[in-house]
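Encoded as structure tokens, the structure appears first; notes follow it.
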Amino acid sequence: MINRTFGAALVCAGLLAPMASAQHMMPQGDDMTTGQPATSGMSHAMKHHKMHNHGPIGVPGRHQLPKGKLVLTYRYGTMEMSGIRQGTDDMDANTLVTTIPNAFAALPGQPPTIRVGPVSMSMDMHMLGALYAPSERLTLMGMLPYVEKSMTMRTYAGPAGTTVLGDNTTTSNGLGDIRLGALLALNKTRKGGARVGLGLSLPTGSITETGQMLSPMNTRTTRRLAYSMQLGSGTFDLHPSLTVESGRGALNWGGQLRGILRLGENDEGYRHGHEAALTGWISYRTAPWISYSGRAEYRHAGRIKGQDANIAGPSLGADPRNYGGDYITLYAGADMTPRRGLLKGQLLGVELGLPVYQNLNGVQSKTDWSLAVAWRKPF
């Protein structure tokens, strides 16, 4: 997984290197960096950059479009998880399967402790989106996600002991929760201003995904997958946000407070925890076609409330108490506007996230890293 992280970083560096070598041959007419009027020959994408302050691509709801403008987007996000953590302390697998109680021990045939431990989990999301501004102050948006998940679990033999029976990998994929939203500008300045956002996600992602499990008794049965392997929340969820940003010269900075509010319980008898996040960033445009950004984010996620009667067993993911926590993550990214080649006139961004603090509810896998890549085409 570490090699994959460094590989992603090297790919990003490889994309930037040929552009950087041509930096001094490019005209410096972007008034976002010089404060001077732009040339009449500016490309459509550069005009789009003039209308949108540069910054991290991982902050949703930053872009307020001018009236009548349309932007199509594609975003790819991936993340990796591994290991075992209780609160802020790491835990080895032998300790997990000999000391952590099985929440379903009272059911017939269930062992007293956890017997299926996490090895690794990955999630990939492909998101198609569109933004349109019917007025100067209002921007509408819609996002269509496709989700792919994979989890490898290690099963230990029998009701006790540390003998490994084998590993088992399950997968799920399909449509996620569709999201609709709007951004309303409270005030607009040349370098940003303040805006509020309100989104609504629809329960279009499946919450009844199943997979084949390896039991401690060395049998394979098809059961409903853990909550983390489902493709949606199963509920209508509100996504409010407040964003403020400003800047001076080539420097831009801002902050955002956002949340996720679950509206009721889903058809399987539970809801995911409410969430809140606070992030702040700073970005610097080194040339008209590229900027670099860094940001820090604190995120709180509550536990799952309720329980799916079809999710049970001696594994961490079957217990609703083993979800949510407090996270602090640092991000580094770049936002680019190629001026030549196949991607001329489009906008590209990349952002890598590394967690520095994770205080997890119950016992869970911990996040290793995340990577986001975004493409935008203005019209």
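Ordered as shown in the structure tokens, chains take letters A, B, and onward, while each chain numbers its residues from 1 and ligands are numbered from 1 in the order shown.
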Closest contacts (segment 51-136 of chain A/segment 327-336 of chain A, max 12 Å, only C-alpha atoms) as JSON lines:
```
{"residue": "A:His52", "atom": "CA", "partner": "A:Asp335", "partner_atom": "CA", "distance": 11.5}
{"residue": "A:Asn53", "atom": "CA", "partner": "A:Asp335", "partner_atom": "CA", "distance": 10.5}
{"residue": "A:His54", "atom": "CA", "partner": "A:Asp335", "partner_atom": "CA", "distance": 7.1}
{"residue": "A:Gly55", "atom": "CA", "partner": "A:Asp335", "partner_atom": "CA", "distance": 7.1}
{"residue": "A:Pro56", "atom": "CA", "partner": "A:Gly333", "partner_atom": "CA", "distance": 6.2}
{"residue": "A:Ile57", "atom": "CA", "partner": "A:Asp335", "partner_atom": "CA", "distance": 7.4}
{"residue": "A:Gly58", "atom": "CA", "partner": "A:Tyr331", "partner_atom": "CA", "distance": 8.6}
{"residue": "A:Val59", "atom": "CA", "partner": "A:Tyr331", "partner_atom": "CA", "distance": 10.6}
{"residue": "A:Gly87", "atom": "CA", "partner": "A:Tyr327", "partner_atom": "CA", "distance": 11.0}
{"residue": "A:Thr88", "atom": "CA", "partner": "A:Tyr327", "partner_atom": "CA", "distance": 10.3}
```
Limited to N, CA and C atoms, could you put the picked residues into a file as a PDB file, in the first residue's frame?
```pdb
ATOM      1  N   HIS A  52     -12.726  31.580 -10.888  1.00  0.00           N
ATOM      2  CA  HIS A  52     -12.700  30.656  -9.750  1.00  0.00           C
ATOM      3  C   HIS A  52     -11.348  30.734  -9.080  1.00  0.00           C
ATOM      4  N   ASN A  53     -11.326  31.031  -7.805  1.00  0.00           N
ATOM      5  CA  ASN A  53     -10.074  31.109  -7.091  1.00  0.00           C
ATOM      6  C   ASN A  53      -9.427  29.739  -7.002  1.00  0.00           C
ATOM      7  N   HIS A  54      -8.124  29.718  -7.211  1.00  0.00           N
ATOM      8  CA  HIS A  54      -7.403  28.462  -7.120  1.00  0.00           C
ATOM      9  C   HIS A  54      -7.389  27.979  -5.671  1.00  0.00           C
ATOM     10  N   GLY A  55      -7.290  26.676  -5.525  1.00  0.00           N
ATOM     11  CA  GLY A  55      -7.304  26.093  -4.187  1.00  0.00           C
ATOM     12  C   GLY A  55      -7.444  24.590  -4.273  1.00  0.00           C
ATOM     13  N   PRO A  56      -7.622  23.923  -3.136  1.00  0.00           N
ATOM     14  CA  PRO A  56      -7.664  22.457  -3.107  1.00  0.00           C
ATOM     15  C   PRO A  56      -8.924  21.892  -3.759  1.00  0.00           C
ATOM     16  N   ILE A  57      -8.769  20.806  -4.506  1.00  0.00           N
ATOM     17  CA  ILE A  57      -9.917  20.190  -5.170  1.00  0.00           C
ATOM     18  C   ILE A  57     -10.751  19.351  -4.204  1.00  0.00           C
ATOM     19  N   GLY A  58     -10.191  19.038  -3.019  1.00  0.00           N
ATOM     20  CA  GLY A  58     -10.902  18.191  -2.075  1.00  0.00           C
ATOM     21  C   GLY A  58     -11.929  18.906  -1.225  1.00  0.00           C
ATOM     22  N   VAL A  59     -12.096  20.217  -1.416  1.00  0.00           N
ATOM     23  CA  VAL A  59     -13.084  20.980  -0.652  1.00  0.00           C
ATOM     24  C   VAL A  59     -14.316  21.172  -1.528  1.00  0.00           C
ATOM     25  N   GLY A  87      -9.502   3.244  19.753  1.00  0.00           N
ATOM     26  CA  GLY A  87      -9.279   4.632  20.158  1.00  0.00           C
ATOM     27  C   GLY A  87      -8.106   5.208  19.395  1.00  0.00           C
ATOM     28  N   THR A  88      -7.042   5.558  20.110  1.00  0.00           N
ATOM     29  CA  THR A  88      -5.825   6.097  19.479  1.00  0.00           C
ATOM     30  C   THR A  88      -4.673   5.101  19.527  1.00  0.00           C
TER      31      THR A  88
END
```
As a ChimeraX atom specification, please: every residue in segment 209-309 of chain A that a backbone DSSP assignment puts in strand (DSSP E or B).
/A:210-214,220-224,236-248,251-263,270-271,275-287,290-301,305-306
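Residues within 9 Å of Leu316 of chain A, counting only C-alpha atoms and excluding same-chain residues fewer than 6 positions away, are Asn102, Ala103, Ile114, Val116, Gly117, Pro118, Ala226, Asn322, Gly362, Val363, Gln364 and Ser365 of chain A.
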Write a file of the just-selected residues containing N, CA, C and O atoms, as a compact mmCIF listing (two decimals), in the first residue's frame.
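Okay, part00.txt is ready:
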```txt
# COMPACT_ATOMS: atom_id res chain seq x y z
N ASN A 102 -17.17 -10.47 21.27
CA ASN A 102 -18.07 -10.56 20.12
C ASN A 102 -19.43 -10.02 20.54
O ASN A 102 -20.05 -10.53 21.48
N ALA A 103 -19.92 -8.99 19.88
CA ALA A 103 -21.19 -8.36 20.24
C ALA A 103 -22.37 -9.32 20.11
O ALA A 103 -23.44 -9.08 20.68
N ILE A 114 -14.02 -11.81 19.08
CA ILE A 114 -13.88 -11.59 17.64
C ILE A 114 -12.99 -12.69 17.06
O ILE A 114 -11.93 -13.00 17.61
N VAL A 116 -12.86 -12.94 13.34
CA VAL A 116 -12.58 -12.51 11.96
C VAL A 116 -12.06 -11.08 12.02
O VAL A 116 -12.79 -10.16 12.37
N GLY A 117 -10.78 -10.91 11.73
CA GLY A 117 -10.15 -9.60 11.85
C GLY A 117 -9.84 -8.97 10.51
O GLY A 117 -9.63 -9.67 9.51
N PRO A 118 -9.80 -7.63 10.45
CA PRO A 118 -9.52 -6.94 9.18
C PRO A 118 -8.05 -7.00 8.80
O PRO A 118 -7.17 -6.91 9.67
N ALA A 226 -20.74 -6.19 5.80
CA ALA A 226 -20.70 -5.19 6.87
C ALA A 226 -21.18 -3.83 6.37
O ALA A 226 -21.22 -3.55 5.17
N ASN A 322 -18.56 0.05 16.21
CA ASN A 322 -17.21 0.17 15.67
C ASN A 322 -17.16 1.04 14.42
O ASN A 322 -16.51 0.70 13.42
N GLY A 362 -14.79 2.44 19.28
CA GLY A 362 -14.65 1.00 19.35
C GLY A 362 -13.32 0.53 18.81
O GLY A 362 -12.27 1.11 19.09
N VAL A 363 -13.35 -0.53 18.00
CA VAL A 363 -12.16 -1.10 17.37
C VAL A 363 -12.40 -1.15 15.87
O VAL A 363 -13.41 -1.69 15.42
N GLN A 364 -11.46 -0.59 15.09
CA GLN A 364 -11.64 -0.48 13.64
C GLN A 364 -10.31 -0.58 12.93
O GLN A 364 -9.25 -0.51 13.56
N SER A 365 -10.38 -0.69 11.59
CA SER A 365 -9.20 -0.44 10.76
C SER A 365 -8.93 1.06 10.71
O SER A 365 -9.84 1.87 10.85
```
With distances taken over only C-alpha atoms, which residue among A:Asn168, A:Gln307, A:Thr367, A:Asn94 lies nearest Thr219 of chain A?
A:Asn168
When you look at Leu202 of chain A with a cut-off of 6 Å (counting only C-alpha atoms), what residues show up, excluding the ones that are within fewer than 4 positions of it in the same chain? I need them as a ChimeraX atom specification.
/A:177-178,236
Residues just named, written with N, CA and C atoms as a PDB file, in the first residue's frame:
```pdb
ATOM      1  N   ASP A 177     -24.929   6.957  -3.707  1.00  0.00           N
ATOM      2  CA  ASP A 177     -26.015   7.899  -3.428  1.00  0.00           C
ATOM      3  C   ASP A 177     -25.875   9.146  -4.296  1.00  0.00           C
ATOM      4  N   ILE A 178     -26.852   9.402  -5.145  1.00  0.00           N
ATOM      5  CA  ILE A 178     -26.863  10.597  -5.991  1.00  0.00           C
ATOM      6  C   ILE A 178     -27.047  11.836  -5.120  1.00  0.00           C
ATOM      7  N   PHE A 236     -32.120   9.691   3.238  1.00  0.00           N
ATOM      8  CA  PHE A 236     -31.944  11.021   2.673  1.00  0.00           C
ATOM      9  C   PHE A 236     -31.048  11.805   3.639  1.00  0.00           C
TER      10      PHE A 236
END
```
Name all residues at most 7 Å from Gly273 of chain A (count only C-alpha atoms; drop same-chain ones fewer than 4 positions away) and give them as a VMD selection string.
chain A and resid 301 to 305
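Here the question is which of A:Gly199, A:Pro216, A:Gly205, A:Gly249 gets nearest to Pro159 of chain A using only C-alpha atoms, and that residue is A:Pro216.
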Enumerate as a VMD selection string all residues of segment 35-222 of chain A assigned to alpha helix (DSSP H) by DSSP on the backbone, naming them with the chain letters and numbers the document uses.
chain A and resid 44 to 51 93 to 99
Prev. selection, all heavy atoms, output as a CSV table (one decimal), in the first residue's frame:
```
chain,number,residue,atom,x,y,z
A,44,HIS,N,-10.5,29.9,-23.0
A,44,HIS,CA,-11.8,29.7,-22.2
A,44,HIS,C,-11.5,29.2,-20.8
A,44,HIS,O,-12.1,29.6,-19.8
A,44,HIS,CB,-12.8,28.8,-22.9
A,44,HIS,CG,-14.1,28.8,-22.3
A,44,HIS,ND1,-14.9,29.9,-22.3
A,44,HIS,CD2,-14.8,27.8,-21.6
A,44,HIS,CE1,-16.1,29.6,-21.7
A,44,HIS,NE2,-16.0,28.3,-21.2
A,45,ALA,N,-10.6,28.2,-20.7
A,45,ALA,CA,-10.3,27.6,-19.4
A,45,ALA,C,-9.6,28.6,-18.5
A,45,ALA,O,-9.8,28.7,-17.3
A,45,ALA,CB,-9.4,26.4,-19.6
A,46,MET,N,-8.7,29.5,-19.1
A,46,MET,CA,-8.0,30.5,-18.3
A,46,MET,C,-9.0,31.5,-17.8
A,46,MET,O,-8.9,32.0,-16.7
A,46,MET,CB,-6.9,31.2,-19.1
A,46,MET,CG,-5.7,30.3,-19.4
A,46,MET,SD,-5.0,29.6,-17.8
A,46,MET,CE,-4.6,31.1,-16.9
A,47,LYS,N,-10.0,31.9,-18.6
A,47,LYS,CA,-11.1,32.8,-18.1
A,47,LYS,C,-11.8,32.1,-17.0
A,47,LYS,O,-12.2,32.7,-16.0
A,47,LYS,CB,-12.0,33.1,-19.3
A,47,LYS,CG,-11.4,34.0,-20.4
A,47,LYS,CD,-12.4,34.2,-21.5
A,47,LYS,CE,-11.8,35.1,-22.6
A,47,LYS,NZ,-12.7,35.3,-23.7
A,48,HIS,N,-12.0,30.8,-17.1
A,48,HIS,CA,-12.7,30.1,-16.0
A,48,HIS,C,-11.9,30.1,-14.7
A,48,HIS,O,-12.4,30.3,-13.7
A,48,HIS,CB,-12.9,28.6,-16.4
A,48,HIS,CG,-13.6,27.8,-15.4
A,48,HIS,ND1,-14.9,27.9,-15.2
A,48,HIS,CD2,-13.2,26.8,-14.6
A,48,HIS,CE1,-15.3,27.1,-14.3
A,48,HIS,NE2,-14.2,26.4,-13.9
A,49,HIS,N,-10.5,30.0,-14.9
A,49,HIS,CA,-9.7,30.1,-13.7
A,49,HIS,C,-9.8,31.5,-13.1
A,49,HIS,O,-9.7,31.7,-11.9
A,49,HIS,CB,-8.2,29.8,-14.1
A,49,HIS,CG,-7.8,28.5,-13.6
A,49,HIS,ND1,-8.1,28.1,-12.3
A,49,HIS,CD2,-7.0,27.5,-14.1
A,49,HIS,CE1,-7.5,26.9,-12.1
A,49,HIS,NE2,-6.9,26.5,-13.2
A,50,LYS,N,-9.9,32.6,-14.0
A,50,LYS,CA,-10.1,33.9,-13.4
A,50,LYS,C,-11.4,34.0,-12.6
A,50,LYS,O,-11.4,34.7,-11.6
A,50,LYS,CB,-10.2,34.9,-14.6
A,50,LYS,CG,-8.9,35.4,-15.2
A,50,LYS,CD,-9.1,36.1,-16.5
A,50,LYS,CE,-10.1,37.3,-16.3
A,50,LYS,NZ,-9.7,38.3,-15.4
A,51,MET,N,-12.4,33.3,-13.0
A,51,MET,CA,-13.7,33.4,-12.3
A,51,MET,C,-13.7,32.5,-11.0
A,51,MET,O,-14.5,32.7,-10.1
A,51,MET,CB,-14.8,32.9,-13.2
A,51,MET,CG,-14.9,33.8,-14.4
A,51,MET,SD,-16.3,33.3,-15.5
A,51,MET,CE,-15.8,31.7,-16.0
A,93,ALA,N,-3.3,-8.4,15.9
A,93,ALA,CA,-4.4,-9.3,15.6
A,93,ALA,C,-4.6,-10.3,16.7
A,93,ALA,O,-5.8,-10.7,17.0
A,93,ALA,CB,-4.1,-10.0,14.2
A,94,ASN,N,-3.5,-10.8,17.3
A,94,ASN,CA,-3.7,-11.8,18.3
A,94,ASN,C,-4.4,-11.3,19.5
A,94,ASN,O,-5.3,-12.0,20.2
A,94,ASN,CB,-2.3,-12.4,18.8
A,94,ASN,CG,-1.7,-13.3,17.7
A,94,ASN,OD1,-2.4,-13.7,16.8
A,94,ASN,ND2,-0.4,-13.6,17.9
A,95,THR,N,-4.2,-10.0,19.9
A,95,THR,CA,-4.9,-9.4,21.0
A,95,THR,C,-6.4,-9.2,20.6
A,95,THR,O,-7.3,-9.5,21.4
A,95,THR,CB,-4.3,-8.0,21.3
A,95,THR,OG1,-2.9,-8.2,21.7
A,95,THR,CG2,-5.1,-7.3,22.4
A,96,LEU,N,-6.6,-8.9,19.4
A,96,LEU,CA,-8.0,-8.7,18.9
A,96,LEU,C,-8.8,-10.0,19.1
A,96,LEU,O,-9.9,-9.9,19.7
A,96,LEU,CB,-8.0,-8.3,17.4
A,96,LEU,CG,-9.4,-8.3,16.7
A,96,LEU,CD1,-10.2,-7.1,17.3
A,96,LEU,CD2,-9.2,-8.2,15.2
A,97,VAL,N,-8.3,-11.1,18.6
A,97,VAL,CA,-9.1,-12.3,18.6
A,97,VAL,C,-9.2,-13.1,19.9
A,97,VAL,O,-9.9,-14.1,20.0
A,97,VAL,CB,-8.7,-13.2,17.4
A,97,VAL,CG1,-8.8,-12.6,16.1
A,97,VAL,CG2,-7.2,-13.7,17.7
A,98,THR,N,-8.4,-12.6,20.9
A,98,THR,CA,-8.4,-13.3,22.2
A,98,THR,C,-9.0,-12.4,23.3
A,98,THR,O,-9.3,-12.9,24.4
A,98,THR,CB,-7.0,-13.7,22.6
A,98,THR,OG1,-6.1,-12.5,22.6
A,98,THR,CG2,-6.4,-14.7,21.7
A,99,THR,N,-9.2,-11.1,23.1
A,99,THR,CA,-9.7,-10.2,24.2
A,99,THR,C,-10.9,-9.4,23.8
A,99,THR,O,-11.6,-9.0,24.7
A,99,THR,CB,-8.5,-9.3,24.6
A,99,THR,OG1,-8.2,-8.4,23.6
A,99,THR,CG2,-7.3,-10.1,25.0
```
Quick one: residues within 6 Å of segment 253-256 of chain A, only C-alpha atoms, excluding same-chain residues fewer than 4 positions away - as an NGL selection string?
:A and (242-247 or 278-282)
Just write the chosen residues, C-alpha atoms, as a short mmCIF file (atom, residue, chain, number, x, y, z; two decimals), in the first residue's frame.
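Printed below is result_14.cif as written:
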```cif
data_model
loop_
_atom_site.label_atom_id
_atom_site.label_comp_id
_atom_site.auth_asym_id
_atom_site.auth_seq_id
_atom_site.Cartn_x
_atom_site.Cartn_y
_atom_site.Cartn_z
CA LEU A 242 -20.39 27.56 4.85
CA THR A 243 -17.30 28.63 2.89
CA VAL A 244 -15.24 31.80 3.23
CA GLU A 245 -12.15 32.60 1.14
CA SER A 246 -9.96 35.51 0.20
CA GLY A 247 -6.47 36.23 -1.08
CA LEU A 278 -13.79 21.96 9.56
CA THR A 279 -11.03 22.62 7.06
CA GLY A 280 -8.65 25.48 6.29
CA TRP A 281 -6.31 25.89 3.34
CA ILE A 282 -3.74 28.06 1.67
#
```
Atom CA of Arg248 of chain A and atom CA of Ala374 of chain A, how far apart in Å?
25.2 Å
